[in-house]
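For reference, target10.pdb (PDB, C-alpha atoms):
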```pdb
ATOM      1  CA  ILE B   4     173.652 167.295  -8.507  1.00  0.00           C
ATOM      2  CA  GLU B   5     175.966 167.103 -11.529  1.00  0.00           C
ATOM      3  CA  ILE B   6     175.186 164.053 -13.658  1.00  0.00           C
ATOM      4  CA  GLY B   7     177.983 164.550 -16.162  1.00  0.00           C
ATOM      5  CA  ASN B   8     178.803 166.382 -19.416  1.00  0.00           C
ATOM      6  CA  GLY B   9     177.502 169.616 -17.942  1.00  0.00           C
ATOM      7  CA  ILE B  10     174.093 168.134 -17.086  1.00  0.00           C
ATOM      8  CA  GLU B  11     172.702 168.923 -13.653  1.00  0.00           C
ATOM      9  CA  GLY B  12     169.601 167.687 -11.880  1.00  0.00           C
ATOM     10  CA  LEU B  13     167.715 168.751  -8.789  1.00  0.00           C
ATOM     11  CA  CYS B  14     167.032 166.455  -5.878  1.00  0.00           C
ATOM     12  CA  HIS B  15     164.378 168.146  -3.742  1.00  0.00           C
ATOM     13  CA  LYS B  16     165.027 167.852  -0.012  1.00  0.00           C
ATOM     14  CA  ASP B  17     161.912 165.675   0.379  1.00  0.00           C
ATOM     15  CA  MET B  18     163.547 163.143  -1.942  1.00  0.00           C
ATOM     16  CA  LEU B  19     166.729 162.754   0.155  1.00  0.00           C
ATOM     17  CA  THR B  20     165.490 160.360   2.851  1.00  0.00           C
ATOM     18  CA  TYR B  21     162.178 159.167   4.265  1.00  0.00           C
ATOM     19  CA  SER B  22     162.750 161.234   7.396  1.00  0.00           C
ATOM     20  CA  GLN B  23     161.377 164.783   7.357  1.00  0.00           C
ATOM     21  CA  LYS B  24     163.609 165.607  10.306  1.00  0.00           C
ATOM     22  CA  GLN B  25     166.780 164.577   8.445  1.00  0.00           C
ATOM     23  CA  ASN B  26     165.627 166.267   5.254  1.00  0.00           C
ATOM     24  CA  SER B  27     165.202 169.586   7.069  1.00  0.00           C
ATOM     25  CA  LYS B  28     169.014 169.850   7.280  1.00  0.00           C
ATOM     26  CA  PRO B  29     170.489 168.563   3.989  1.00  0.00           C
ATOM     27  CA  GLY B  30     173.911 169.894   4.963  1.00  0.00           C
ATOM     28  CA  ASN B  31     174.128 167.254   7.672  1.00  0.00           C
ATOM     29  CA  LEU B  32     173.544 164.483   5.151  1.00  0.00           C
ATOM     30  CA  TYR B  33     175.801 165.379   2.251  1.00  0.00           C
ATOM     31  CA  ALA B  34     178.900 167.441   1.535  1.00  0.00           C
ATOM     32  CA  ARG B  35     179.892 169.378  -1.573  1.00  0.00           C
ATOM     33  CA  SER B  36     181.662 167.181  -4.193  1.00  0.00           C
ATOM     34  CA  GLN B  37     180.398 164.001  -2.493  1.00  0.00           C
ATOM     35  CA  SER B  38     179.434 161.207  -4.907  1.00  0.00           C
ATOM     36  CA  VAL B  39     175.903 159.852  -4.533  1.00  0.00           C
ATOM     37  CA  GLU B  40     173.680 157.417  -6.389  1.00  0.00           C
ATOM     38  CA  CYS B  41     170.326 158.766  -7.446  1.00  0.00           C
ATOM     39  CA  LYS B  42     167.323 157.844  -9.537  1.00  0.00           C
ATOM     40  CA  ILE B  43     165.864 159.902 -12.364  1.00  0.00           C
ATOM     41  CA  LEU B  44     162.261 160.682 -11.422  1.00  0.00           C
ATOM     42  CA  GLU B  45     161.252 163.034 -14.204  1.00  0.00           C
ATOM     43  CA  ILE B  46     162.674 164.605 -17.343  1.00  0.00           C
ATOM     44  CA  ASP B  47     161.138 167.836 -18.607  1.00  0.00           C
ATOM     45  CA  HIS B  48     162.676 168.408 -22.037  1.00  0.00           C
ATOM     46  CA  GLU B  49     160.734 171.615 -22.617  1.00  0.00           C
ATOM     47  CA  LYS B  50     161.966 173.298 -19.427  1.00  0.00           C
ATOM     48  CA  ARG B  51     165.263 171.392 -19.506  1.00  0.00           C
ATOM     49  CA  ARG B  52     164.729 170.122 -15.964  1.00  0.00           C
ATOM     50  CA  LEU B  53     165.843 166.849 -14.437  1.00  0.00           C
ATOM     51  CA  SER B  54     164.232 165.696 -11.171  1.00  0.00           C
ATOM     52  CA  LEU B  55     166.227 163.221  -9.073  1.00  0.00           C
ATOM     53  CA  GLY B  56     165.613 161.104  -5.995  1.00  0.00           C
ATOM     54  CA  ILE B  57     167.986 159.408  -3.560  1.00  0.00           C
ATOM     55  CA  LYS B  58     165.560 157.800  -1.133  1.00  0.00           C
ATOM     56  CA  GLN B  59     163.989 155.782  -3.949  1.00  0.00           C
ATOM     57  CA  LEU B  60     167.127 153.596  -4.015  1.00  0.00           C
ATOM     58  CA  THR B  61     166.621 152.462  -0.414  1.00  0.00           C
ATOM     59  CA  ALA B  62     163.932 150.334   1.187  1.00  0.00           C
ATOM     60  CA  ASN B  63     160.849 152.330   2.146  1.00  0.00           C
ATOM     61  CA  PRO B  64     160.626 152.126   5.958  1.00  0.00           C
ATOM     62  CA  TRP B  65     156.926 152.970   5.765  1.00  0.00           C
ATOM     63  CA  SER B  66     156.100 149.612   4.195  1.00  0.00           C
ATOM     64  CA  LYS B  67     157.432 147.673   7.174  1.00  0.00           C
ATOM     65  CA  PHE B  68     156.164 150.181   9.721  1.00  0.00           C
ATOM     66  CA  ASN B  69     152.596 150.138   8.375  1.00  0.00           C
ATOM     67  CA  LYS B  70     152.445 146.339   8.485  1.00  0.00           C
ATOM     68  CA  THR B  71     153.464 146.106  12.138  1.00  0.00           C
ATOM     69  CA  ASN B  72     151.928 149.332  13.472  1.00  0.00           C
ATOM     70  CA  PRO B  73     148.315 149.807  12.340  1.00  0.00           C
ATOM     71  CA  VAL B  74     146.062 152.641  13.495  1.00  0.00           C
ATOM     72  CA  GLY B  75     145.395 152.082  17.190  1.00  0.00           C
ATOM     73  CA  THR B  76     148.963 151.079  18.066  1.00  0.00           C
ATOM     74  CA  ILE B  77     150.256 152.695  21.274  1.00  0.00           C
ATOM     75  CA  PHE B  78     153.871 153.899  21.468  1.00  0.00           C
ATOM     76  CA  GLU B  79     156.092 154.951  24.333  1.00  0.00           C
ATOM     77  CA  THR B  80     158.222 157.602  22.710  1.00  0.00           C
ATOM     78  CA  GLU B  81     160.149 160.831  23.265  1.00  0.00           C
ATOM     79  CA  ILE B  82     159.405 164.396  22.201  1.00  0.00           C
ATOM     80  CA  ASN B  83     161.849 165.592  19.511  1.00  0.00           C
ATOM     81  CA  SER B  84     160.494 169.086  18.992  1.00  0.00           C
ATOM     82  CA  ILE B  85     157.509 171.343  19.597  1.00  0.00           C
ATOM     83  CA  LYS B  86     156.538 173.787  16.851  1.00  0.00           C
ATOM     84  CA  GLU B  87     153.384 175.863  16.355  1.00  0.00           C
ATOM     85  CA  ASN B  88     151.400 173.926  18.982  1.00  0.00           C
ATOM     86  CA  ILE B  89     152.379 170.574  17.471  1.00  0.00           C
ATOM     87  CA  ILE B  90     154.498 167.981  19.278  1.00  0.00           C
ATOM     88  CA  PHE B  91     156.759 165.803  17.119  1.00  0.00           C
ATOM     89  CA  CYS B  92     157.882 162.373  18.299  1.00  0.00           C
ATOM     90  CA  SER B  93     160.157 159.688  16.867  1.00  0.00           C
ATOM     91  CA  LEU B  94     158.418 156.380  16.122  1.00  0.00           C
ATOM     92  CA  ASP B  95     161.177 154.748  14.092  1.00  0.00           C
ATOM     93  CA  GLU B  96     164.629 155.691  12.833  1.00  0.00           C
ATOM     94  CA  GLU B  97     163.182 157.612   9.885  1.00  0.00           C
ATOM     95  CA  ILE B  98     159.537 158.007  10.900  1.00  0.00           C
ATOM     96  CA  ASP B  99     158.077 160.739  13.074  1.00  0.00           C
ATOM     97  CA  GLY B 100     154.569 161.298  14.373  1.00  0.00           C
ATOM     98  CA  ALA B 101     152.744 164.546  15.173  1.00  0.00           C
ATOM     99  CA  ILE B 102     150.517 165.293  18.154  1.00  0.00           C
ATOM    100  CA  PHE B 103     148.262 168.319  17.684  1.00  0.00           C
ATOM    101  CA  SER B 104     147.483 170.224  20.868  1.00  0.00           C
ATOM    102  CA  LYS B 105     143.780 169.313  20.652  1.00  0.00           C
ATOM    103  CA  ASP B 106     144.751 165.643  20.983  1.00  0.00           C
ATOM    104  CA  LEU B 107     146.502 166.081  24.335  1.00  0.00           C
ATOM    105  CA  SER B 108     143.478 166.216  26.638  1.00  0.00           C
ATOM    106  CA  TRP B 109     139.717 165.708  26.472  1.00  0.00           C
ATOM    107  CA  ASP B 110     138.984 168.363  29.086  1.00  0.00           C
ATOM    108  CA  ASN B 111     141.740 170.981  29.239  1.00  0.00           C
ATOM    109  CA  ASP B 112     142.398 173.987  26.995  1.00  0.00           C
ATOM    110  CA  PRO B 113     144.803 172.797  24.228  1.00  0.00           C
ATOM    111  CA  LYS B 114     146.873 175.998  24.395  1.00  0.00           C
ATOM    112  CA  GLU B 115     147.424 175.544  28.128  1.00  0.00           C
ATOM    113  CA  GLU B 116     147.875 171.772  27.981  1.00  0.00           C
ATOM    114  CA  ILE B 117     150.761 171.885  25.490  1.00  0.00           C
ATOM    115  CA  LYS B 118     152.705 174.143  27.874  1.00  0.00           C
ATOM    116  CA  LYS B 119     153.094 171.141  30.190  1.00  0.00           C
ATOM    117  CA  TYR B 120     155.355 169.370  27.666  1.00  0.00           C
ATOM    118  CA  LYS B 121     158.983 169.932  26.704  1.00  0.00           C
ATOM    119  CA  VAL B 122     161.568 168.404  24.376  1.00  0.00           C
ATOM    120  CA  GLY B 123     162.987 165.189  25.841  1.00  0.00           C
ATOM    121  CA  ASP B 124     159.828 164.237  27.739  1.00  0.00           C
ATOM    122  CA  LYS B 125     158.828 160.588  27.550  1.00  0.00           C
ATOM    123  CA  ILE B 126     155.191 160.169  26.556  1.00  0.00           C
ATOM    124  CA  LYS B 127     152.728 157.482  25.571  1.00  0.00           C
ATOM    125  CA  ALA B 128     150.677 158.126  22.431  1.00  0.00           C
ATOM    126  CA  LYS B 129     148.296 156.276  20.132  1.00  0.00           C
ATOM    127  CA  ILE B 130     148.251 156.292  16.317  1.00  0.00           C
ATOM    128  CA  ILE B 131     144.913 157.767  15.221  1.00  0.00           C
ATOM    129  CA  THR B 132     145.603 158.409  11.512  1.00  0.00           C
ATOM    130  CA  ASN B 133     148.249 157.265   9.036  1.00  0.00           C
ATOM    131  CA  GLU B 134     147.830 158.716   5.551  1.00  0.00           C
ATOM    132  CA  ASN B 135     150.272 159.808   2.834  1.00  0.00           C
ATOM    133  CA  GLU B 136     153.270 159.024   5.055  1.00  0.00           C
ATOM    134  CA  LYS B 137     152.007 161.351   7.765  1.00  0.00           C
ATOM    135  CA  ILE B 138     151.109 159.979  11.191  1.00  0.00           C
ATOM    136  CA  SER B 139     148.900 161.712  13.735  1.00  0.00           C
ATOM    137  CA  LEU B 140     149.120 160.650  17.361  1.00  0.00           C
ATOM    138  CA  SER B 141     146.902 161.187  20.376  1.00  0.00           C
ATOM    139  CA  VAL B 142     147.786 161.280  24.053  1.00  0.00           C
ATOM    140  CA  ARG B 143     144.194 161.663  25.176  1.00  0.00           C
ATOM    141  CA  GLU B 144     143.069 158.458  23.432  1.00  0.00           C
ATOM    142  CA  VAL B 145     145.640 156.197  25.118  1.00  0.00           C
ATOM    143  CA  GLU B 146     143.211 155.508  27.960  1.00  0.00           C
ATOM    144  CA  GLY B 147     140.251 155.253  25.608  1.00  0.00           C
ATOM    145  CA  ASN B 148     137.708 157.564  24.034  1.00  0.00           C
ATOM    146  CA  PRO B 149     135.029 158.861  26.439  1.00  0.00           C
ATOM    147  CA  PHE B 150     132.704 159.456  23.490  1.00  0.00           C
ATOM    148  CA  ASP B 151     132.448 155.677  23.144  1.00  0.00           C
ATOM    149  CA  GLU B 152     129.989 155.978  26.045  1.00  0.00           C
ATOM    150  CA  LEU B 153     127.587 157.541  23.537  1.00  0.00           C
ATOM    151  CA  LYS B 154     127.870 154.918  20.811  1.00  0.00           C
ATOM    152  CA  GLY B 155     124.408 153.882  19.721  1.00  0.00           C
ATOM    153  CA  LYS B 156     122.869 157.118  21.016  1.00  0.00           C
ATOM    154  CA  ASN B 157     120.926 159.397  18.709  1.00  0.00           C
ATOM    155  CA  LYS B 158     119.467 162.886  18.662  1.00  0.00           C
ATOM    156  CA  GLY B 159     116.488 162.922  21.025  1.00  0.00           C
ATOM    157  CA  ASP B 160     117.815 160.248  23.367  1.00  0.00           C
ATOM    158  CA  VAL B 161     117.984 161.029  27.100  1.00  0.00           C
ATOM    159  CA  VAL B 162     121.201 160.500  29.073  1.00  0.00           C
ATOM    160  CA  THR B 163     121.966 160.641  32.796  1.00  0.00           C
ATOM    161  CA  CYS B 164     124.846 162.952  33.708  1.00  0.00           C
ATOM    162  CA  ASN B 165     126.951 163.870  36.719  1.00  0.00           C
ATOM    163  CA  VAL B 166     127.520 167.567  37.459  1.00  0.00           C
ATOM    164  CA  THR B 167     131.228 168.442  37.555  1.00  0.00           C
ATOM    165  CA  GLU B 168     131.121 172.260  37.573  1.00  0.00           C
ATOM    166  CA  ILE B 169     128.666 175.158  37.639  1.00  0.00           C
ATOM    167  CA  GLY B 170     129.165 178.783  36.619  1.00  0.00           C
ATOM    168  CA  ASP B 171     127.782 181.719  34.664  1.00  0.00           C
ATOM    169  CA  PHE B 172     128.309 179.659  31.504  1.00  0.00           C
ATOM    170  CA  GLY B 173     125.824 177.034  32.662  1.00  0.00           C
ATOM    171  CA  VAL B 174     126.464 173.550  33.992  1.00  0.00           C
ATOM    172  CA  LYS B 175     129.315 171.228  32.996  1.00  0.00           C
ATOM    173  CA  VAL B 176     128.415 167.556  33.230  1.00  0.00           C
ATOM    174  CA  ARG B 177     130.007 164.181  32.549  1.00  0.00           C
ATOM    175  CA  VAL B 178     127.810 161.795  30.606  1.00  0.00           C
ATOM    176  CA  GLY B 179     127.490 158.562  32.566  1.00  0.00           C
ATOM    177  CA  GLU B 180     130.468 157.460  34.633  1.00  0.00           C
ATOM    178  CA  LYS B 181     133.213 157.570  31.995  1.00  0.00           C
ATOM    179  CA  GLY B 182     131.695 159.659  29.208  1.00  0.00           C
ATOM    180  CA  PRO B 183     132.758 163.072  27.891  1.00  0.00           C
ATOM    181  CA  LYS B 184     132.387 166.358  29.736  1.00  0.00           C
ATOM    182  CA  ILE B 185     129.831 168.629  28.092  1.00  0.00           C
ATOM    183  CA  VAL B 186     128.596 172.115  28.942  1.00  0.00           C
ATOM    184  CA  ILE B 187     124.839 172.596  29.104  1.00  0.00           C
ATOM    185  CA  LYS B 188     124.433 176.278  28.298  1.00  0.00           C
ATOM    186  CA  LYS B 189     122.465 178.456  30.651  1.00  0.00           C
ATOM    187  CA  ASN B 190     119.569 178.942  28.209  1.00  0.00           C
ATOM    188  CA  GLU B 191     119.249 175.147  27.925  1.00  0.00           C
ATOM    189  CA  LEU B 192     118.933 174.518  31.672  1.00  0.00           C
ATOM    190  CA  ALA B 193     115.156 174.844  31.942  1.00  0.00           C
ATOM    191  CA  LEU B 194     111.997 175.416  29.931  1.00  0.00           C
ATOM    192  CA  ARG B 195     111.060 178.429  32.061  1.00  0.00           C
ATOM    193  CA  LYS B 196     113.613 181.232  32.275  1.00  0.00           C
ATOM    194  CA  PRO B 197     113.385 181.728  36.088  1.00  0.00           C
ATOM    195  CA  ASP B 198     114.394 178.071  36.521  1.00  0.00           C
ATOM    196  CA  ALA B 199     117.441 178.329  34.238  1.00  0.00           C
ATOM    197  CA  ARG B 200     119.774 178.927  37.176  1.00  0.00           C
ATOM    198  CA  PRO B 201     123.042 176.961  37.362  1.00  0.00           C
ATOM    199  CA  GLU B 202     122.991 177.192  41.166  1.00  0.00           C
ATOM    200  CA  ARG B 203     120.005 174.818  41.197  1.00  0.00           C
ATOM    201  CA  TRP B 204     122.637 172.072  40.960  1.00  0.00           C
ATOM    202  CA  ALA B 205     125.763 171.275  42.935  1.00  0.00           C
ATOM    203  CA  LYS B 206     128.855 169.268  42.076  1.00  0.00           C
ATOM    204  CA  ASN B 207     128.195 165.513  41.925  1.00  0.00           C
ATOM    205  CA  ASP B 208     124.432 165.995  41.445  1.00  0.00           C
ATOM    206  CA  LYS B 209     122.822 163.770  38.840  1.00  0.00           C
ATOM    207  CA  LEU B 210     120.542 165.116  36.126  1.00  0.00           C
ATOM    208  CA  ASP B 211     118.883 163.928  32.926  1.00  0.00           C
ATOM    209  CA  ALA B 212     119.330 165.787  29.638  1.00  0.00           C
ATOM    210  CA  GLN B 213     118.304 165.263  26.050  1.00  0.00           C
ATOM    211  CA  ILE B 214     120.750 164.962  23.163  1.00  0.00           C
ATOM    212  CA  THR B 215     119.959 167.792  20.721  1.00  0.00           C
ATOM    213  CA  SER B 216     122.883 167.146  18.357  1.00  0.00           C
ATOM    214  CA  ILE B 217     125.527 164.440  18.129  1.00  0.00           C
ATOM    215  CA  ASP B 218     128.531 163.876  15.852  1.00  0.00           C
ATOM    216  CA  LEU B 219     130.862 161.306  17.377  1.00  0.00           C
ATOM    217  CA  SER B 220     133.356 161.522  14.507  1.00  0.00           C
ATOM    218  CA  SER B 221     134.145 165.136  15.427  1.00  0.00           C
ATOM    219  CA  HIS B 222     133.515 164.618  19.156  1.00  0.00           C
ATOM    220  CA  LYS B 223     130.660 167.110  19.302  1.00  0.00           C
ATOM    221  CA  VAL B 224     127.525 166.591  21.417  1.00  0.00           C
ATOM    222  CA  SER B 225     124.938 169.109  22.637  1.00  0.00           C
ATOM    223  CA  LEU B 226     122.631 168.510  25.598  1.00  0.00           C
ATOM    224  CA  SER B 227     119.503 170.287  26.769  1.00  0.00           C
ATOM    225  CA  ILE B 228     117.306 170.024  29.851  1.00  0.00           C
ATOM    226  CA  ARG B 229     114.917 172.569  28.314  1.00  0.00           C
ATOM    227  CA  SER B 230     114.179 170.270  25.356  1.00  0.00           C
ATOM    228  CA  LEU B 231     113.579 167.358  27.707  1.00  0.00           C
ATOM    229  CA  GLU B 232     111.103 169.354  29.800  1.00  0.00           C
ATOM    230  CA  GLU B 233     109.385 170.628  26.660  1.00  0.00           C
ATOM    231  CA  ASN B 234     108.888 167.071  25.381  1.00  0.00           C
ATOM    232  CA  ASN B 235     107.659 165.908  28.777  1.00  0.00           C
ATOM    233  CA  GLU B 236     105.020 168.666  28.796  1.00  0.00           C
ATOM    234  CA  LYS B 237     103.843 167.695  25.309  1.00  0.00           C
ATOM    235  CA  GLU B 238     103.440 164.083  26.373  1.00  0.00           C
ATOM    236  CA  ALA B 239     101.628 164.971  29.603  1.00  0.00           C
TER
END
```

Show me, as structure tokens, the structure contained in the file I just sent.
Amino acid sequence: IEIGNGIEGLCHKDMLTYSQKQNSKPGNLYARSQSVECKILEIDHEKRRLSLGIKQLTANPWSKFNKTNPVGTIFETEINSIKENIIFCSLDEEIDGAIFSKDLSWDNDPKEEIKKYKVGDKIKAKIITNENEKISLSVREVEGNPFDELKGKNKGDVVTCNVTEIGDFGVKVRVGEKGPKIVIKKNELALRKPDARPERWAKNDKLDAQITSIDLSSHKVSLSIRSLEENNEKEA
């Protein structure tokens, strides 16, 4: 941008508007020789550089948005684009939100789940983080977080589970009625190796297992029947 008397300044694309989508195509916003008002952000006399901003002269839409849409707000929105396994949605005229593939489903493979979506689809998503003018959304948390079923539980606690699937990997169970699905690995199915057979159980069977590790913030829980049997033998 030419300021005058041969002095030029640079307005980085991120300083054009508050919308990353609009900033990605500056040519759609301004034309050569167009007059614009801008604010001086920084003067570097040593390097003879002048940094300018245009968006600083307009009201920051984030201020209003953050007041009325705290973390936990649910939006019905539309998919604008899908890039590198991330879905981008419009939340306001200048504000977009991102849905990472891992936040689409609690149970399904993220790489397969994202294939179900396309640009233009209407979706419902929940704000899970809002930091540094970047919003992360979740589809899977709209109906709640199944890991809430484990709030108050600690390592060593015993939980009752429902079998949902068996295979060479072990046994997949759902904790309680609405809790998360967790795989109990084959070597954790029994204290004695001959009993560590997934086919001992069938779908919809109930079983008890012990929590061997739990981190609800990262949605990671490990279960073991072997540890439970080992403790029961010690107490006998």

So what does the PyMOL selection byres ((chain B and resi 63) around 12) actually pick up in this one, as an MDAnalysis selection string?
-> chainID B and resid 18 20:22 57:62 64:69 96:98 136

Could you give me, as CSV, every stretch 7-122 of chain B residue with an atom at most 6 Å from stretch 139-163 of chain B, plus its closest atom pair and distance in Å to one decimal, counting only C-alpha atoms, rows ordered by chain then number?
```
residue,atom,partner,partner_atom,distance
B:Gly100,CA,B:Ser139,CA,5.7
B:Ala101,CA,B:Ser139,CA,5.0
B:Ile102,CA,B:Leu140,CA,4.9
B:Asp106,CA,B:Ser141,CA,5.0
B:Leu107,CA,B:Val142,CA,5.0
B:Ser108,CA,B:Arg143,CA,4.8
```

Of the candidates B:Ser93, B:Ser227, B:Gln25, B:Ser36, which one gets nearest to B:Val122 if we count only C-alpha atoms?
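Using only C-alpha atoms, B:Val122 sits closest to B:Ser93.
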
Would you mind reading off the distance between atom CA of B:Lys127 and atom CA of B:Cys92, one decimal, in Å?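 Rounded to one decimal, the two atoms are 10.2 Å apart.
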
Item to complete: Taking (162.7, 157.0, 22.5) in the file's own coordinates, collect the residues within 9 Å, counting only C-alpha atoms, and hand them back as a PyMOL selection string.
Response: chain B and resi 79-82+92-95+123+125

Please, could you write that set of residues out with C-alpha atoms as a CSV table (one decimal), in the coordinates of the input?
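As written to disk, selection.csv reads:
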```
chain,number,residue,atom,x,y,z
B,79,GLU,CA,156.1,155.0,24.3
B,80,THR,CA,158.2,157.6,22.7
B,81,GLU,CA,160.1,160.8,23.3
B,82,ILE,CA,159.4,164.4,22.2
B,92,CYS,CA,157.9,162.4,18.3
B,93,SER,CA,160.2,159.7,16.9
B,94,LEU,CA,158.4,156.4,16.1
B,95,ASP,CA,161.2,154.7,14.1
B,123,GLY,CA,163.0,165.2,25.8
B,125,LYS,CA,158.8,160.6,27.6
```

Give me, as a PyMOL selection string, all polymer residues having an atom no more than 9 Å from B:Arg177, counting all atoms listed in the file and skipping those fewer than 4 positions away in the same chain. chain B and resi 163-167+181-186

Just checking: using only C-alpha atoms, which residue out of B:Glu49, B:Asp218, B:Asp17, B:Glu40 ends up closest to B:Glu5?
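Of the candidates, the smallest distance to B:Glu5 is held by B:Glu40.
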
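In terms of minimum interatomic distance to B:Ala128, B:Thr76 ranks closest within B:Asn190, B:Ser230, B:Ser27, B:Thr76, counting all atoms listed in the file.
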
Leaving out B:Asp171 and any residue of its chain fewer than 5 positions from it, which residues lie within 12 Å of it when counting only C-alpha atoms, given as a tab-separated table (two decimals) with C-alpha atoms, in the frame of the given file?
```
chain	number	residue	atom	x	y	z
B	186	VAL	CA	128.60	172.12	28.94
B	187	ILE	CA	124.84	172.60	29.10
B	188	LYS	CA	124.43	176.28	28.30
B	189	LYS	CA	122.46	178.46	30.65
B	190	ASN	CA	119.57	178.94	28.21
B	192	LEU	CA	118.93	174.52	31.67
B	199	ALA	CA	117.44	178.33	34.24
B	200	ARG	CA	119.77	178.93	37.18
B	201	PRO	CA	123.04	176.96	37.36
B	202	GLU	CA	122.99	177.19	41.17
```

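Atom CA of B:Tyr120 is found 29.4 Å from atom CA of B:Lys16.
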
- Separation of atom CA of B:Gly170 and atom CA of B:Trp109, in Å?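 Interatomic distance, atom CA of B:Gly170 to atom CA of B:Trp109: 19.6 Å.
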
Need the neighbours of (151.9, 174.9, 21.8): which residues are at most 6 Å away, counting only C-alpha atoms, as a ChimeraX atom specification?
/B:87-88,114,117

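When the PyMOL selection byres ((chain B and resi 234) around 12) is evaluated against the file, it yields Gly159, Asp160, Val161, Ala193, Leu194, Ala212, Gln213, Ser227, Ile228, Arg229, Ser230, Leu231, Glu232, Glu233, Asn235, Glu236, Lys237, Glu238 and Ala239 of chain B.
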
### Task
For the file shown, report as a ChimeraX atom specification the outcome of the PyMOL selection byres ((chain B and resi 216) around 6) at residue level.
/B:158,214-215,217,224-225

Counting all atoms listed in the file, the option among B:Lys196, B:Lys129, B:Lys206, B:Lys24 closest to B:Ile77:
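Closest to B:Ile77, using all atoms listed in the file: B:Lys129.
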
Among B:Lys119, B:Arg52, B:Lys209, B:Arg195, B:Lys175 is approached most closely, using only C-alpha atoms, by B:Lys209

Spatial neighbours of B:Asp47, 12 Å, only C-alpha atoms, chain gap at least 6 places, as an MDAnalysis selection string: chainID B and resid 12:13 53:55

Put stretch 207-218 of chain B into a file with N, CA, C and O atoms, as a PDB file, in the first residue's frame.
```pdb
ATOM      1  N   ASN B 207     -24.021 -58.397  23.812  1.00  0.00           N
ATOM      2  CA  ASN B 207     -25.031 -58.056  24.820  1.00  0.00           C
ATOM      3  C   ASN B 207     -24.787 -58.712  26.182  1.00  0.00           C
ATOM      4  O   ASN B 207     -25.546 -58.471  27.125  1.00  0.00           O
ATOM      5  N   ASP B 208     -23.743 -59.547  26.289  1.00  0.00           N
ATOM      6  CA  ASP B 208     -23.385 -60.087  27.610  1.00  0.00           C
ATOM      7  C   ASP B 208     -22.896 -58.948  28.506  1.00  0.00           C
ATOM      8  O   ASP B 208     -22.348 -57.947  28.019  1.00  0.00           O
ATOM      9  N   LYS B 209     -23.088 -59.124  29.803  1.00  0.00           N
ATOM     10  CA  LYS B 209     -22.562 -58.159  30.762  1.00  0.00           C
ATOM     11  C   LYS B 209     -21.307 -58.734  31.415  1.00  0.00           C
ATOM     12  O   LYS B 209     -21.221 -59.956  31.626  1.00  0.00           O
ATOM     13  N   LEU B 210     -20.365 -57.869  31.721  1.00  0.00           N
ATOM     14  CA  LEU B 210     -19.156 -58.306  32.420  1.00  0.00           C
ATOM     15  C   LEU B 210     -18.630 -57.168  33.278  1.00  0.00           C
ATOM     16  O   LEU B 210     -18.922 -55.987  33.024  1.00  0.00           O
ATOM     17  N   ASP B 211     -17.866 -57.518  34.301  1.00  0.00           N
ATOM     18  CA  ASP B 211     -17.221 -56.525  35.158  1.00  0.00           C
ATOM     19  C   ASP B 211     -15.745 -56.431  34.790  1.00  0.00           C
ATOM     20  O   ASP B 211     -15.102 -57.446  34.490  1.00  0.00           O
ATOM     21  N   ALA B 212     -15.218 -55.227  34.807  1.00  0.00           N
ATOM     22  CA  ALA B 212     -13.789 -55.015  34.516  1.00  0.00           C
ATOM     23  C   ALA B 212     -13.264 -53.908  35.410  1.00  0.00           C
ATOM     24  O   ALA B 212     -14.015 -53.055  35.896  1.00  0.00           O
ATOM     25  N   GLN B 213     -11.956 -53.942  35.608  1.00  0.00           N
ATOM     26  CA  GLN B 213     -11.312 -52.953  36.467  1.00  0.00           C
ATOM     27  C   GLN B 213     -10.635 -51.872  35.633  1.00  0.00           C
ATOM     28  O   GLN B 213     -10.027 -52.164  34.604  1.00  0.00           O
ATOM     29  N   ILE B 214     -10.769 -50.636  36.079  1.00  0.00           N
ATOM     30  CA  ILE B 214     -10.101 -49.516  35.400  1.00  0.00           C
ATOM     31  C   ILE B 214      -8.613 -49.561  35.750  1.00  0.00           C
ATOM     32  O   ILE B 214      -8.242 -49.490  36.923  1.00  0.00           O
ATOM     33  N   THR B 215      -7.761 -49.699  34.735  1.00  0.00           N
ATOM     34  CA  THR B 215      -6.311 -49.744  34.975  1.00  0.00           C
ATOM     35  C   THR B 215      -5.635 -48.410  34.640  1.00  0.00           C
ATOM     36  O   THR B 215      -4.527 -48.145  35.093  1.00  0.00           O
ATOM     37  N   SER B 216      -6.303 -47.583  33.847  1.00  0.00           N
ATOM     38  CA  SER B 216      -5.822 -46.216  33.607  1.00  0.00           C
ATOM     39  C   SER B 216      -7.013 -45.386  33.141  1.00  0.00           C
ATOM     40  O   SER B 216      -7.918 -45.898  32.481  1.00  0.00           O
ATOM     41  N   ILE B 217      -7.001 -44.112  33.508  1.00  0.00           N
ATOM     42  CA  ILE B 217      -8.122 -43.241  33.135  1.00  0.00           C
ATOM     43  C   ILE B 217      -7.649 -41.800  33.012  1.00  0.00           C
ATOM     44  O   ILE B 217      -6.959 -41.278  33.897  1.00  0.00           O
ATOM     45  N   ASP B 218      -7.965 -41.174  31.891  1.00  0.00           N
ATOM     46  CA  ASP B 218      -7.663 -39.766  31.637  1.00  0.00           C
ATOM     47  C   ASP B 218      -8.847 -39.201  30.853  1.00  0.00           C
ATOM     48  O   ASP B 218      -8.882 -39.281  29.626  1.00  0.00           O
TER      49      ASP B 218
END
```
